[in-house]
Amino acid sequence: MHKQRSIPRATTSIIFLVLMFLGVGLINPAFLDINNILLSLNSGVVFTIVAIGIAFVIITGEIDVSVGATVGMTAAICGNFVRDGHPFLGLSIAVLVGVGIGVINGFGVAYMKIPSIIMTLGTNGIIRGMIYVYTGGRWIENLPMEFKSLSQAQFMGTFTWFYLLTLIAMILIYVVMNRTMIGRYFRAVGDNANGATLLGIPVKGTKMVAFMLSGLFASIGGIMYTSRVGFITPIAGMGYEMKVIAACVLGGISLSGGVGSVIGASVGAAIMASISRILVFLGFPSDYDNTITGILLIIIVVFDSVIQHRSAEKMRKQRLAAKVVHSETASEVREHA
Amino acid sequence: MLNSKSITKRVFRWETFLILLLLIEVLVFGLINPRFLMPRVLLGSINNFMTISVVALFVTLVLVTGGIDIQSGAIVGLTSITIGVLWNDVGMNLYLALVIGLLVGTACGALSGFFVAYTEVQPMVVTLGGSFLYSGIALLITNFSATEAYKGISGFPEEFSQFVRGRIFGIIPHQLLIFLFLVIITYILLHRTKYGRYVFLCGVNKHAATYCGIRTKQIVMSTYVLSGLGAAIAGILLTAYLGTAKTDLGKEITLPVITAVVLGGTSNLGGTGGVIGTALAAFVIGILRFGLSLANVNTQYLDIPVGILLVLAVAIRFSGSNPTVQKFIGKLRRSKDLRKNN
């Protein structure tokens with residue numbers, strides 16, 4: 001039952017993405033060029049990787065609004081070390097910091113019982129301030145060319161290595177989450193935390209791991225950001241948290257937990273990232289970006305909710321009807337007796 | 001016995017803790033920088049956190065019903081730019097433009113409120129969509145203006161700005177009085193009317209409220225309408241105070257607003273809270289930021305203490321329901337009782 005409900009949601013998002021691309025292709029055939037599609041997918045690679053991470057947290061029924069600041073912080077750390085000529089040290093420290101932020105969030109939410117939106121709101125402010133302390137409010141520039149060109153390194157045409165890595169991560173996680181026992185813990189905890197406890201699932205530990213993964217992927221996103229953008233300002237990654245949550249919702253992940261998959265998250269991120277490019281091909285100014293995103297988000301979510309509500313009502317009526325028939329036959333039997 | 005219990009209950013309320021925190025802040029910052037204690041400076045500090053305080057007051061109602069509203073920042077910007085464009089480029093009377101600005105903000109709140117109340121979508125998702133949508137519309141409206149978007153529309157009449165910037169006797173800022181007025185209005189609305197009780201009931205148990213014959217959907221929607229109205233008021237006040245209408249005026253207020261509401265004792269799960277707590281918490285945060293900046297702390301670092309304050313305060317509040325802490329308290333009590341018996 002559960003599986004049946006969760007898979008079509010990601011599928012609807014994929015169908016929507018394909019229809020959107022085809023629709024734009026009808027108006028401007030140049031859009032359907034394979035290189036162009038790959039370019040527009042690739043422009044959202046940072047979103048996609050951060051969305052995959054936050055998907056764990058949302059699927060367990062929590063939320064993490066500190067990912068934007070985590071992207072900024074890890075980008076600043078990575079950029080600083082790379083500029084000074086210690087790339088590997090920089091990468092490992094950035095990843096450690098990302099996971100560390102996840103541990104703090106997870107500890108607060110799972111063990112201290114602080115509501116996740118408040119805990120991560122707090123850490124978001126703290127990390128954002130720390131970025132200013134760390135960078136002194138200055139930009140990090142003059143990164144070596146080799147590091148910047150990593151983001152441009154291509155594999156078969158315009159398919160970048162970064163996007164390939166993201167895809168591999170996505171597929172691996174999808175398999176782990178759907179085919180292994182531990183992977184299913186996330187959805188179980190998000191669907192019904194008390195029920196999961198009764199089944200012997202470590203609810204606190206699962207939430208902790210979800211936040212750690214969110215921090216880990218945010219730090220990878222930060223590293224990719226450094227390589228792609230090439231300079232870090234103190235406001236790097238600001239507002240990413242909201243965009244990434246929107247991507248997850250577009251991809252069919254429910255904010256109340258238990259429903260959705262990482263594939264949905266990546267598809268949602270792809271939809272978000274392609275909107276601005278689509279606007280260019282349709283001849284609109286990019287000012288429409290936020291408006292379209294907002295309208296899409298509301299329409300898709302409301303549509304989805306109405307359909308779900310309808311089917312739930314239908315099932316309820318069927319159950320009621322079955323009950324009535326059952327009691328009618330029962331009374332007939334009694335009359336005969 | 002009963003009397004003493006009710007007194008201790010009243011003394012140990014969350015609001016008392018906030019007032020204490022506020023007093024400590026004033027004392028500490030006064031010691032660091034005596035200029036801070038000058039009435040003109042201390043009272044004038046409200047000008048720095050007026051927007052957040054006003055929006056937080058109205059968002060409290062939304063959180064009491066168990067919802068959340070993260071679109072108010074977008075509505076602040078939308079109201080501001082609507083007024084600017086109507087006055088500057090359409091050539092409308094300023095006061096008519098203000099009324100239309102209020103209506104626009106309220107309509108935005110109503111649209112999101114409708115989706116929250118009448119569909120099963122989570123409030124966070126709807127208002128997230130709303131924040132994209134309204135900030136996007138605000139950006140589109142700037143295209144009607146001859147002025148560049150980043151500059152903002154300025155040159156409003158002097159009396160419009162003076163109404164907000166002015167001070168009574170040169171000491172008490174008008175903004176403080178406006179804020180107190182709004183606190184009283186929202187206090188009466190939430191704590192002294194039937195409507196307010198319905199709002200609380202929706203947060204405690206929506207199904208029970210529906211079965212009691214309360215129109216829960218309308219009540220839930222109305223809180224978002226009020227929150228939109230509050231954001232519009234904040235947008236007007238900020239436009240008047242700065243003398244500029246811009247789209248991004250409310251860009252970074254979402255997180256501080258939620259911080260103020262939650263620090264004020266309103267649970268994000270609904271059912272508990274109040275506007276007095278929110279107002280006090282807004283002052284605690286505002287004075288903390290203002291005092292630290294007077295003590296020569298870089299303004300960009302100020303998110304750190306505010307974040308720490310939020311997490312600590314909520315950790316203390318929620319530790320009451322933490323089983324480990326409860327067990328510890330129970331153990332303490334039992335050992336005390338044992339000692340008494342011995």
# chains A, B, ... in the order shown; residues from 1 in each chain; ligands from 1
>>> residues_around(residues="segment 268-279 of chain A", least_positions_apart="5", cutoff="6 Å", atoms="only C-alpha atoms", output="list in words")
Ser40, Leu41, Gly44, Phe47, Thr48, Ala247, Cys248, Leu250, Gly251, Phe284 and Asp289 of chain A
>>> interface_residues(of="chain A", to="chain B", cutoff="6 Å", atoms="only C-alpha atoms", output="list in words")
Ile114, Met119, Gly122, Gly125, Ile126, Gly129, Asn290, Thr291, Gly294, Leu297, Ile298 and Ser305 of chain A
>>> closest_residue(among="B:Leu43, B:Ala231, B:Ile24, B:Val297", to="Arg167 of chain B", atoms="only C-alpha atoms")
B:Leu43
>>> select_by_dssp(residues="segment 163-273 of chain B", states="alpha helix (DSSP H)", output="PyMOL selection string")
chain B and resi 163-165+174-191+194-204+206-211+216-242+254-263
>>> residues_around(residues="Lys204 of chain A", least_positions_apart="4", cutoff="8 Å", atoms="only C-alpha atoms", output="list in words")
Ala110, Tyr111 and Met208 of chain A
>>> atom_distance(atom1="atom CA of Phe58 of chain B", atom2="atom CA of Ile219 of chain B")
14.1 Å
>>> closest_residue(among="B:Thr254, B:Val275, B:Ala110, B:Gly235", to="Met221 of chain B", atoms="only C-alpha atoms")
B:Ala110
>>> residues_around(residues="Ile253 of chain B", least_positions_apart="3", cutoff="10 Å", atoms="only C-alpha atoms", output="list in words")
Phe49, Thr51, Ile52, Ser53, Val55, Ala56, Ile70, Gln71, Ser72, Gly73, Ala74, Val76, Leu249, Gly250, Pro256, Val257, Ile258 and Thr259 of chain B
>>> write_last_selection(atoms="N, CA and C atoms", output="JSON list (two decimals), in the first residue's frame")
[["chain", "number", "residue", "atom", "x", "y", "z"],
["B", 49, "PHE", "N", 13.60, 47.47, 15.03],
["B", 49, "PHE", "CA", 12.97, 46.15, 14.94],
["B", 49, "PHE", "C", 11.45, 46.22, 14.87],
["B", 51, "THR", "N", 9.43, 46.38, 12.17],
["B", 51, "THR", "CA", 8.81, 45.50, 11.18],
["B", 51, "THR", "C", 8.62, 44.11, 11.75],
["B", 52, "ILE", "N", 9.73, 43.57, 12.32],
["B", 52, "ILE", "CA", 9.68, 42.21, 12.84],
["B", 52, "ILE", "C", 8.63, 42.11, 13.94],
["B", 53, "SER", "N", 8.59, 43.11, 14.84],
["B", 53, "SER", "CA", 7.65, 43.05, 15.96],
["B", 53, "SER", "C", 6.21, 43.05, 15.46],
["B", 55, "VAL", "N", 4.94, 42.28, 12.45],
["B", 55, "VAL", "CA", 4.59, 41.06, 11.73],
["B", 55, "VAL", "C", 4.42, 39.90, 12.71],
["B", 56, "ALA", "N", 5.33, 39.81, 13.70],
["B", 56, "ALA", "CA", 5.29, 38.69, 14.65],
["B", 56, "ALA", "C", 3.99, 38.69, 15.43],
["B", 70, "ILE", "N", 5.33, 31.74, 6.40],
["B", 70, "ILE", "CA", 6.66, 32.21, 6.03],
["B", 70, "ILE", "C", 6.62, 33.14, 4.82],
["B", 71, "GLN", "N", 5.40, 33.68, 4.54],
["B", 71, "GLN", "CA", 5.28, 34.54, 3.38],
["B", 71, "GLN", "C", 5.24, 36.02, 3.74],
["B", 72, "SER", "N", 5.24, 36.36, 5.04],
["B", 72, "SER", "CA", 5.00, 37.76, 5.40],
["B", 72, "SER", "C", 6.08, 38.69, 4.83],
["B", 73, "GLY", "N", 7.32, 38.19, 4.75],
["B", 73, "GLY", "CA", 8.38, 39.03, 4.20],
["B", 73, "GLY", "C", 8.06, 39.46, 2.78],
["B", 74, "ALA", "N", 7.54, 38.52, 1.98],
["B", 74, "ALA", "CA", 7.20, 38.83, 0.60],
["B", 74, "ALA", "C", 6.07, 39.85, 0.55],
["B", 76, "VAL", "N", 5.38, 42.14, 2.81],
["B", 76, "VAL", "CA", 5.91, 43.46, 3.18],
["B", 76, "VAL", "C", 6.46, 44.16, 1.95],
["B", 249, "LEU", "N", 12.17, 44.89, 0.83],
["B", 249, "LEU", "CA", 12.19, 45.44, 2.19],
["B", 249, "LEU", "C", 12.05, 44.35, 3.26],
["B", 250, "GLY", "N", 11.23, 43.34, 2.98],
["B", 250, "GLY", "CA", 10.99, 42.33, 4.01],
["B", 250, "GLY", "C", 11.73, 41.05, 3.76],
["B", 256, "PRO", "N", 13.62, 35.84, 11.71],
["B", 256, "PRO", "CA", 13.46, 36.56, 12.97],
["B", 256, "PRO", "C", 12.02, 36.59, 13.47],
["B", 257, "VAL", "N", 11.04, 36.66, 12.55],
["B", 257, "VAL", "CA", 9.65, 36.70, 12.99],
["B", 257, "VAL", "C", 9.28, 35.40, 13.70],
["B", 258, "ILE", "N", 9.62, 34.27, 13.08],
["B", 258, "ILE", "CA", 9.29, 32.99, 13.71],
["B", 258, "ILE", "C", 10.04, 32.88, 15.03],
["B", 259, "THR", "N", 11.30, 33.35, 15.06],
["B", 259, "THR", "CA", 12.07, 33.33, 16.29],
["B", 259, "THR", "C", 11.34, 34.09, 17.39]]
>>> residues_around(residues="Thr233 of chain A", least_positions_apart="6", cutoff="9 Å", atoms="only C-alpha atoms", output="list in words")
Gly72, Ala76, Thr135, Gly137, Arg138, Trp139, Ile140 and Glu141 of chain A
>>> select_by_dssp(residues="segment 135-286 of chain A", states="strand (DSSP E or B)", output="list in words")
Ile140, Gln154, Thr160 and Ile232 of chain A
>>> closest_residue(among="A:Leu150, A:Val325, A:Met112, A:Ala10", to="Tyr225 of chain A", atoms="only C-alpha atoms")
A:Leu150
>>> atom_distance(atom1="atom CA of Gly53 of chain A", atom2="atom CA of Thr226 of chain A")
18.0 Å
